[in-house]
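Data first, discussion second: the structure below is written as structure tokens.
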Protein chains: 2
Amino acid sequence: LESSRSTQLTPKAVATRQRILDSALRLFAAHGYEQTSMRDVAAAAGCSLGLAYRYFASKEDLVLALYLWLVAQLEALVDDLPAASMAQRFDHLLRTLLPVMAPHRLTLVALSGAALNPLSRAGVFGVEGAYVRRRARAAYVRLVAEATDAPRASEVDDLATVLYGAQLAVVLFWLQDLSSEGQKTDELLAFMHTVFRRLRPLLRLPSMARLLAQFAQIIRPLLGSKRSRSR
Amino acid sequence: LESSRSTQLTPKAVATRQRILDSALRLFAAHGYEQTSMRDVAAAAGCSLGLAYRYFASKEDLVLALYLWLVAQLEALVDDLPAASMAQRFDHLLRTLLPVMAPHRLTLVALSGAALNPLSRAGVFGVEGAYVRRRARAAYVRLVAEATDAPRASEVDDLATVLYGAQLAVVLFWLQDLSSEGQKTDELLAFMHTVFRRLRPLLRLPSMARLLAQFAQIIRPLLGSKRSRSR
């Protein structure tokens, strides 16, 4: 995991920061997020508690570093998407994103309590995550706007919001999916691809466009930057 | 909270069991699930650790008692549903279920980590929850089969599965919804009602019925009793 922040650090500092972060993610996966203290993290990374705090002011900052890394991966994957339909680009993105997340699967399972607690600073939908959500939504805007079947401009943001929401739902399903080799997740992706392809032509109907706008409006506060604050 | 089990106990034992459970749910809400020990629960309930263990063999059993109470509420609400369309019955159910869950909202937020951890015994989708899921799905089968616009018999189970999944998604959204008075959740319920009403006639198309069956097939292992074991 590398985060944008590390570019301002010396190579040695980058390595230390990385060691602390890796240790934390391993401990979260093994013992749970709440049960892991900064003291545990420092010990596992072989550094002092003071040094650990110099890189990460709190345990939540370790989680945010993981989110930042994940959104950077998402951005890179969207950059590399083929020029194709929205449905194909979305399917392609999910099929490359989940393997990128797979090494952190147990960490993500361990974090799901904090991630889904709207009152936690480590909440995916909380105040601190706003910067991450803004970047993720911007990536989805590109996924939609640069597709071969991009909708009219007024619908790009709505579609980006709904696809971002769908991605979070898929990740949640994938974390629950204990079927061998994530077979059910594969089936879900194929199903979503089919439905998306069939719905795409219907978007030209005003009534469908209205439903899309309504749904985007409902989930936007969770996924958008409305609850953001300046960083 | 009352559970079916308590019917086999003396009135005094019922009261004690209830006091232990209430204390546990309060502590989970206040301090988090992982941070609360059986010792804390016993202390808060004013009883010995040994007595607490007599009623609840583990912390997970306290969570399962909450799930059991919730599913009993769901069953009672489904029993009282008006003779109306599926869309109306589902909307009515959600609008009565969320207020019933509201007093336990902070407990449910605190539990979401354990609830969504497929490896936890307190997982909603885990092995221990299978009995609860079976009862919930049976309630949804009644919601669908006894509606004025009930579908053909072969589709009842698919629709029940999808509605049960939709309910879990709504609850998850509601737990995240910090908008004043849950305004966004209200909007989501109204949106779902609209979509459900519009989709209902389309179910007569074989292609739509196939999509429904496919989707039910994908989520059924999570919601069904496939991973159950005898209790």
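Going by the structure tokens order, chains are called A, B, ..., each with residues numbered from 1, while ligands are numbered from 1 in the order shown.
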- [ ] Select residues of chain B: the criterion is any atom within 9 Å of an atom of chain A, counting only C-alpha atoms; output as a PyMOL selection string.
- [x] chain B and resi 32+34-35+109-119+125-126+172-173+175-179+184-185+187-188+191+195+211+214-215+218-219+221-222
Those selected residues, please, written with C-alpha atoms and delivered as a PDB file, in the first residue's frame.
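Written out: again.pdb:
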ATOM      1  CA  GLY B  32     -19.522  -1.399  21.118  1.00  0.00           C
ATOM      2  CA  GLU B  34     -16.389  -6.232  20.849  1.00  0.00           C
ATOM      3  CA  GLN B  35     -15.583  -3.985  23.812  1.00  0.00           C
ATOM      4  CA  VAL B 109     -25.120   0.021  14.450  1.00  0.00           C
ATOM      5  CA  ALA B 110     -22.770  -1.352  17.090  1.00  0.00           C
ATOM      6  CA  LEU B 111     -23.521  -4.897  15.936  1.00  0.00           C
ATOM      7  CA  SER B 112     -23.119  -4.254  12.217  1.00  0.00           C
ATOM      8  CA  GLY B 113     -19.474  -5.320  12.314  1.00  0.00           C
ATOM      9  CA  ALA B 114     -20.306  -8.693  13.826  1.00  0.00           C
ATOM     10  CA  ALA B 115     -23.536  -8.945  11.818  1.00  0.00           C
ATOM     11  CA  LEU B 116     -21.697  -8.542   8.522  1.00  0.00           C
ATOM     12  CA  ASN B 117     -18.749 -10.729   9.423  1.00  0.00           C
ATOM     13  CA  PRO B 118     -19.538 -14.039   7.717  1.00  0.00           C
ATOM     14  CA  LEU B 119     -17.084 -15.769  10.031  1.00  0.00           C
ATOM     15  CA  PHE B 125     -25.520 -14.433   7.244  1.00  0.00           C
ATOM     16  CA  GLY B 126     -23.630 -16.953   9.348  1.00  0.00           C
ATOM     17  CA  LEU B 172     -28.590  -1.086   6.168  1.00  0.00           C
ATOM     18  CA  PHE B 173     -29.416   2.197   4.406  1.00  0.00           C
ATOM     19  CA  LEU B 175     -28.690   2.655   9.784  1.00  0.00           C
ATOM     20  CA  GLN B 176     -26.493   4.944   7.662  1.00  0.00           C
ATOM     21  CA  ASP B 177     -29.138   7.604   7.160  1.00  0.00           C
ATOM     22  CA  LEU B 178     -28.227  10.548   9.354  1.00  0.00           C
ATOM     23  CA  SER B 179     -30.592  12.910   7.532  1.00  0.00           C
ATOM     24  CA  LYS B 184     -33.786   9.840   2.912  1.00  0.00           C
ATOM     25  CA  THR B 185     -35.084   6.472   4.116  1.00  0.00           C
ATOM     26  CA  GLU B 187     -37.693   8.766   0.063  1.00  0.00           C
ATOM     27  CA  LEU B 188     -36.132   5.357  -0.549  1.00  0.00           C
ATOM     28  CA  PHE B 191     -39.065   5.115  -4.572  1.00  0.00           C
ATOM     29  CA  VAL B 195     -40.609   0.855  -8.892  1.00  0.00           C
ATOM     30  CA  LEU B 211     -34.249 -12.332 -14.427  1.00  0.00           C
ATOM     31  CA  GLN B 214     -31.687 -15.601 -11.624  1.00  0.00           C
ATOM     32  CA  PHE B 215     -31.339 -12.887  -9.022  1.00  0.00           C
ATOM     33  CA  ILE B 218     -27.751 -15.618  -6.570  1.00  0.00           C
ATOM     34  CA  ILE B 219     -28.788 -14.189  -3.216  1.00  0.00           C
ATOM     35  CA  PRO B 221     -27.588 -18.907  -0.282  1.00  0.00           C
ATOM     36  CA  LEU B 222     -27.084 -15.765   1.811  1.00  0.00           C
TER      37      LEU B 222
END
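Straight-line separation from CA of Leu66 (chain B) to CA of Leu189 (chain B): 24.3 Å.
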TODO: Would you mind listing what lies within 12 Å of Ala213 (chain A) as a list in words, with only C-alpha atoms counted and same-chain residues fewer than 4 positions away left out?
DONE: Ser154, Glu155, Val156, Asp157, Asp158, Leu159, Ala160, Thr161, Val162, Leu203, Pro206, Ser207, Met208, Ala209, Gln217, Ile218, Ile219 and Arg220 of chain A; Phe191 of chain B
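Of the residues under consideration (A:Pro201, A:Pro151, A:Pro99, A:Gly46), A:Gly46 shows the shortest atom-to-atom contact distance to Asp22 (chain A) when counting only C-alpha atoms.
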Tell me which protein, DNA and RNA residues are within 12 Å of Asp79 (chain A), counting only C-alpha atoms, leaving out same-chain ones fewer than 2 positions away, and put them as an mmCIF file with all heavy atoms, in the first residue's frame.
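And here's out-v4.cif as it stands now:
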data_model
loop_
_atom_site.group_PDB
_atom_site.id
_atom_site.type_symbol
_atom_site.label_atom_id
_atom_site.label_comp_id
_atom_site.auth_asym_id
_atom_site.auth_seq_id
_atom_site.Cartn_x
_atom_site.Cartn_y
_atom_site.Cartn_z
ATOM 1 N N ALA A 72 -7.119 5.028 -5.007
ATOM 2 C CA ALA A 72 -6.067 5.238 -6.012
ATOM 3 C C ALA A 72 -6.044 4.068 -7.005
ATOM 4 O O ALA A 72 -5.841 4.262 -8.209
ATOM 5 C CB ALA A 72 -4.703 5.400 -5.324
ATOM 6 N N GLN A 73 -6.283 2.849 -6.491
ATOM 7 C CA GLN A 73 -6.364 1.679 -7.386
ATOM 8 C C GLN A 73 -7.555 1.814 -8.322
ATOM 9 O O GLN A 73 -7.471 1.537 -9.514
ATOM 10 C CB GLN A 73 -6.508 0.370 -6.591
ATOM 11 C CG GLN A 73 -5.459 0.148 -5.526
ATOM 12 C CD GLN A 73 -4.062 0.321 -6.060
ATOM 13 O OE1 GLN A 73 -3.662 -0.363 -6.995
ATOM 14 N NE2 GLN A 73 -3.313 1.257 -5.504
ATOM 15 N N LEU A 74 -8.683 2.253 -7.757
ATOM 16 C CA LEU A 74 -9.896 2.450 -8.558
ATOM 17 C C LEU A 74 -9.627 3.440 -9.685
ATOM 18 O O LEU A 74 -9.971 3.187 -10.853
ATOM 19 C CB LEU A 74 -11.021 2.962 -7.658
ATOM 20 C CG LEU A 74 -12.349 3.314 -8.349
ATOM 21 C CD1 LEU A 74 -13.130 2.058 -8.699
ATOM 22 C CD2 LEU A 74 -13.215 4.213 -7.454
ATOM 23 N N GLU A 75 -8.988 4.545 -9.360
ATOM 24 C CA GLU A 75 -8.688 5.570 -10.372
ATOM 25 C C GLU A 75 -7.805 4.995 -11.477
ATOM 26 O O GLU A 75 -8.051 5.237 -12.668
ATOM 27 C CB GLU A 75 -7.996 6.765 -9.716
ATOM 28 C CG GLU A 75 -8.923 7.577 -8.822
ATOM 29 C CD GLU A 75 -8.195 8.596 -7.961
ATOM 30 O OE1 GLU A 75 -6.992 8.392 -7.671
ATOM 31 O OE2 GLU A 75 -8.828 9.586 -7.558
ATOM 32 N N ALA A 76 -6.797 4.233 -11.075
ATOM 33 C CA ALA A 76 -5.890 3.660 -12.071
ATOM 34 C C ALA A 76 -6.628 2.675 -12.976
ATOM 35 O O ALA A 76 -6.422 2.647 -14.192
ATOM 36 C CB ALA A 76 -4.717 2.972 -11.367
ATOM 37 N N LEU A 77 -7.520 1.871 -12.381
ATOM 38 C CA LEU A 77 -8.270 0.897 -13.177
ATOM 39 C C LEU A 77 -9.216 1.599 -14.145
ATOM 40 O O LEU A 77 -9.381 1.155 -15.283
ATOM 41 C CB LEU A 77 -9.047 -0.049 -12.251
ATOM 42 C CG LEU A 77 -8.194 -1.017 -11.416
ATOM 43 C CD1 LEU A 77 -9.062 -1.764 -10.408
ATOM 44 C CD2 LEU A 77 -7.455 -2.002 -12.310
ATOM 45 N N LEU A 81 -9.497 1.544 -18.503
ATOM 46 C CA LEU A 81 -10.661 0.863 -19.080
ATOM 47 C C LEU A 81 -10.664 1.001 -20.597
ATOM 48 O O LEU A 81 -10.277 2.044 -21.133
ATOM 49 C CB LEU A 81 -11.961 1.451 -18.515
ATOM 50 C CG LEU A 81 -12.323 1.037 -17.091
ATOM 51 C CD1 LEU A 81 -13.612 1.728 -16.655
ATOM 52 C CD2 LEU A 81 -12.469 -0.471 -16.969
ATOM 53 N N PRO A 82 -11.110 -0.060 -21.303
ATOM 54 C CA PRO A 82 -11.198 0.018 -22.759
ATOM 55 C C PRO A 82 -12.297 1.003 -23.182
ATOM 56 O O PRO A 82 -13.221 1.271 -22.419
ATOM 57 C CB PRO A 82 -11.576 -1.411 -23.166
ATOM 58 C CG PRO A 82 -12.234 -1.992 -21.965
ATOM 59 C CD PRO A 82 -11.556 -1.368 -20.785
ATOM 60 N N ALA A 83 -12.157 1.541 -24.383
ATOM 61 C CA ALA A 83 -13.242 2.343 -24.965
ATOM 62 C C ALA A 83 -14.354 1.371 -25.316
ATOM 63 O O ALA A 83 -14.253 0.620 -26.292
ATOM 64 C CB ALA A 83 -12.749 3.083 -26.199
ATOM 65 N N ARG A 89 -17.620 -1.401 -19.480
ATOM 66 C CA ARG A 89 -16.604 -0.750 -18.649
ATOM 67 C C ARG A 89 -16.839 -1.027 -17.165
ATOM 68 O O ARG A 89 -15.906 -1.304 -16.409
ATOM 69 C CB ARG A 89 -16.591 0.762 -18.924
ATOM 70 C CG ARG A 89 -15.880 1.125 -20.235
ATOM 71 C CD ARG A 89 -16.234 2.511 -20.718
ATOM 72 N NE ARG A 89 -15.760 3.615 -19.919
ATOM 73 C CZ ARG A 89 -14.550 4.185 -20.011
ATOM 74 N NH1 ARG A 89 -13.676 3.719 -20.876
ATOM 75 N NH2 ARG A 89 -14.194 5.205 -19.242
ATOM 76 N N HIS A 92 -15.954 -4.668 -16.470
ATOM 77 C CA HIS A 92 -14.502 -4.805 -16.517
ATOM 78 C C HIS A 92 -13.869 -4.243 -15.236
ATOM 79 O O HIS A 92 -12.976 -4.854 -14.635
ATOM 80 C CB HIS A 92 -13.982 -4.069 -17.756
ATOM 81 C CG HIS A 92 -12.581 -4.421 -18.139
ATOM 82 N ND1 HIS A 92 -11.477 -3.929 -17.479
ATOM 83 C CD2 HIS A 92 -12.092 -5.225 -19.104
ATOM 84 C CE1 HIS A 92 -10.382 -4.406 -18.027
ATOM 85 N NE2 HIS A 92 -10.723 -5.204 -19.016
ATOM 86 N N LEU A 93 -14.368 -3.097 -14.815
ATOM 87 C CA LEU A 93 -13.827 -2.476 -13.595
ATOM 88 C C LEU A 93 -14.001 -3.397 -12.388
ATOM 89 O O LEU A 93 -13.050 -3.646 -11.639
ATOM 90 C CB LEU A 93 -14.531 -1.134 -13.339
ATOM 91 C CG LEU A 93 -14.151 -0.451 -12.013
ATOM 92 C CD1 LEU A 93 -12.677 -0.070 -12.006
ATOM 93 C CD2 LEU A 93 -15.021 0.768 -11.757
ATOM 94 N N ALA A 138 -15.623 10.904 -8.824
ATOM 95 C CA ALA A 138 -15.014 11.516 -10.011
ATOM 96 C C ALA A 138 -14.557 10.424 -10.980
ATOM 97 O O ALA A 138 -14.691 10.555 -12.203
ATOM 98 C CB ALA A 138 -13.847 12.408 -9.601
ATOM 99 N N ALA A 139 -14.031 9.319 -10.447
ATOM 100 C CA ALA A 139 -13.606 8.206 -11.301
ATOM 101 C C ALA A 139 -14.821 7.615 -12.028
ATOM 102 O O ALA A 139 -14.752 7.301 -13.223
ATOM 103 C CB ALA A 139 -12.901 7.137 -10.464
ATOM 104 N N TYR A 140 -15.937 7.469 -11.319
ATOM 105 C CA TYR A 140 -17.145 6.931 -11.954
ATOM 106 C C TYR A 140 -17.715 7.883 -13.004
ATOM 107 O O TYR A 140 -18.277 7.444 -14.010
ATOM 108 C CB TYR A 140 -18.198 6.550 -10.913
ATOM 109 C CG TYR A 140 -17.951 5.163 -10.385
ATOM 110 C CD1 TYR A 140 -17.304 4.958 -9.170
ATOM 111 C CD2 TYR A 140 -18.312 4.059 -11.142
ATOM 112 C CE1 TYR A 140 -17.036 3.686 -8.715
ATOM 113 C CE2 TYR A 140 -18.041 2.791 -10.695
ATOM 114 C CZ TYR A 140 -17.398 2.603 -9.487
ATOM 115 O OH TYR A 140 -17.117 1.341 -9.043
ATOM 116 N N VAL A 141 -17.553 9.190 -12.790
ATOM 117 C CA VAL A 141 -17.980 10.156 -13.805
ATOM 118 C C VAL A 141 -17.196 9.907 -15.091
ATOM 119 O O VAL A 141 -17.761 9.902 -16.193
ATOM 120 C CB VAL A 141 -17.797 11.609 -13.297
ATOM 121 C CG1 VAL A 141 -17.877 12.608 -14.455
ATOM 122 C CG2 VAL A 141 -18.855 11.933 -12.240
ATOM 123 N N ARG A 142 -15.892 9.640 -14.953
ATOM 124 C CA ARG A 142 -15.096 9.342 -16.148
ATOM 125 C C ARG A 142 -15.514 8.022 -16.782
ATOM 126 O O ARG A 142 -15.584 7.896 -18.006
ATOM 127 C CB ARG A 142 -13.605 9.313 -15.798
ATOM 128 C CG ARG A 142 -12.999 10.725 -15.717
ATOM 129 C CD ARG A 142 -11.499 10.656 -15.573
ATOM 130 N NE ARG A 142 -11.134 10.108 -14.271
ATOM 131 C CZ ARG A 142 -10.239 9.171 -14.042
ATOM 132 N NH1 ARG A 142 -9.568 8.646 -15.050
ATOM 133 N NH2 ARG A 142 -9.978 8.756 -12.822
ATOM 134 N N LEU A 143 -15.765 7.008 -15.934
ATOM 135 C CA LEU A 143 -16.210 5.723 -16.479
ATOM 136 C C LEU A 143 -17.418 5.916 -17.391
ATOM 137 O O LEU A 143 -17.478 5.351 -18.483
ATOM 138 C CB LEU A 143 -16.558 4.769 -15.326
ATOM 139 C CG LEU A 143 -17.013 3.345 -15.715
ATOM 140 C CD1 LEU A 143 -16.615 2.342 -14.638
ATOM 141 C CD2 LEU A 143 -18.504 3.217 -15.986
ATOM 142 N N VAL A 144 -18.361 6.750 -16.941
ATOM 143 C CA VAL A 144 -19.609 6.967 -17.685
ATOM 144 C C VAL A 144 -19.379 7.890 -18.881
ATOM 145 O O VAL A 144 -19.748 7.574 -20.014
ATOM 146 C CB VAL A 144 -20.688 7.560 -16.739
ATOM 147 C CG1 VAL A 144 -21.904 8.054 -17.524
ATOM 148 C CG2 VAL A 144 -21.098 6.528 -15.695
ATOM 149 N N GLU A 146 -16.821 8.772 -20.590
ATOM 150 C CA GLU A 146 -15.916 8.364 -21.662
ATOM 151 C C GLU A 146 -16.303 7.027 -22.289
ATOM 152 O O GLU A 146 -15.527 6.447 -23.061
ATOM 153 C CB GLU A 146 -14.473 8.333 -21.126
ATOM 154 C CG GLU A 146 -13.996 9.743 -20.734
ATOM 155 C CD GLU A 146 -12.692 9.749 -19.929
ATOM 156 O OE1 GLU A 146 -11.997 8.708 -19.900
ATOM 157 O OE2 GLU A 146 -12.389 10.793 -19.308
ATOM 158 N N ALA A 147 -17.499 6.543 -21.961
ATOM 159 C CA ALA A 147 -17.988 5.308 -22.576
ATOM 160 C C ALA A 147 -18.477 5.604 -23.980
ATOM 161 O O ALA A 147 -18.824 6.735 -24.303
ATOM 162 C CB ALA A 147 -19.118 4.711 -21.737
#
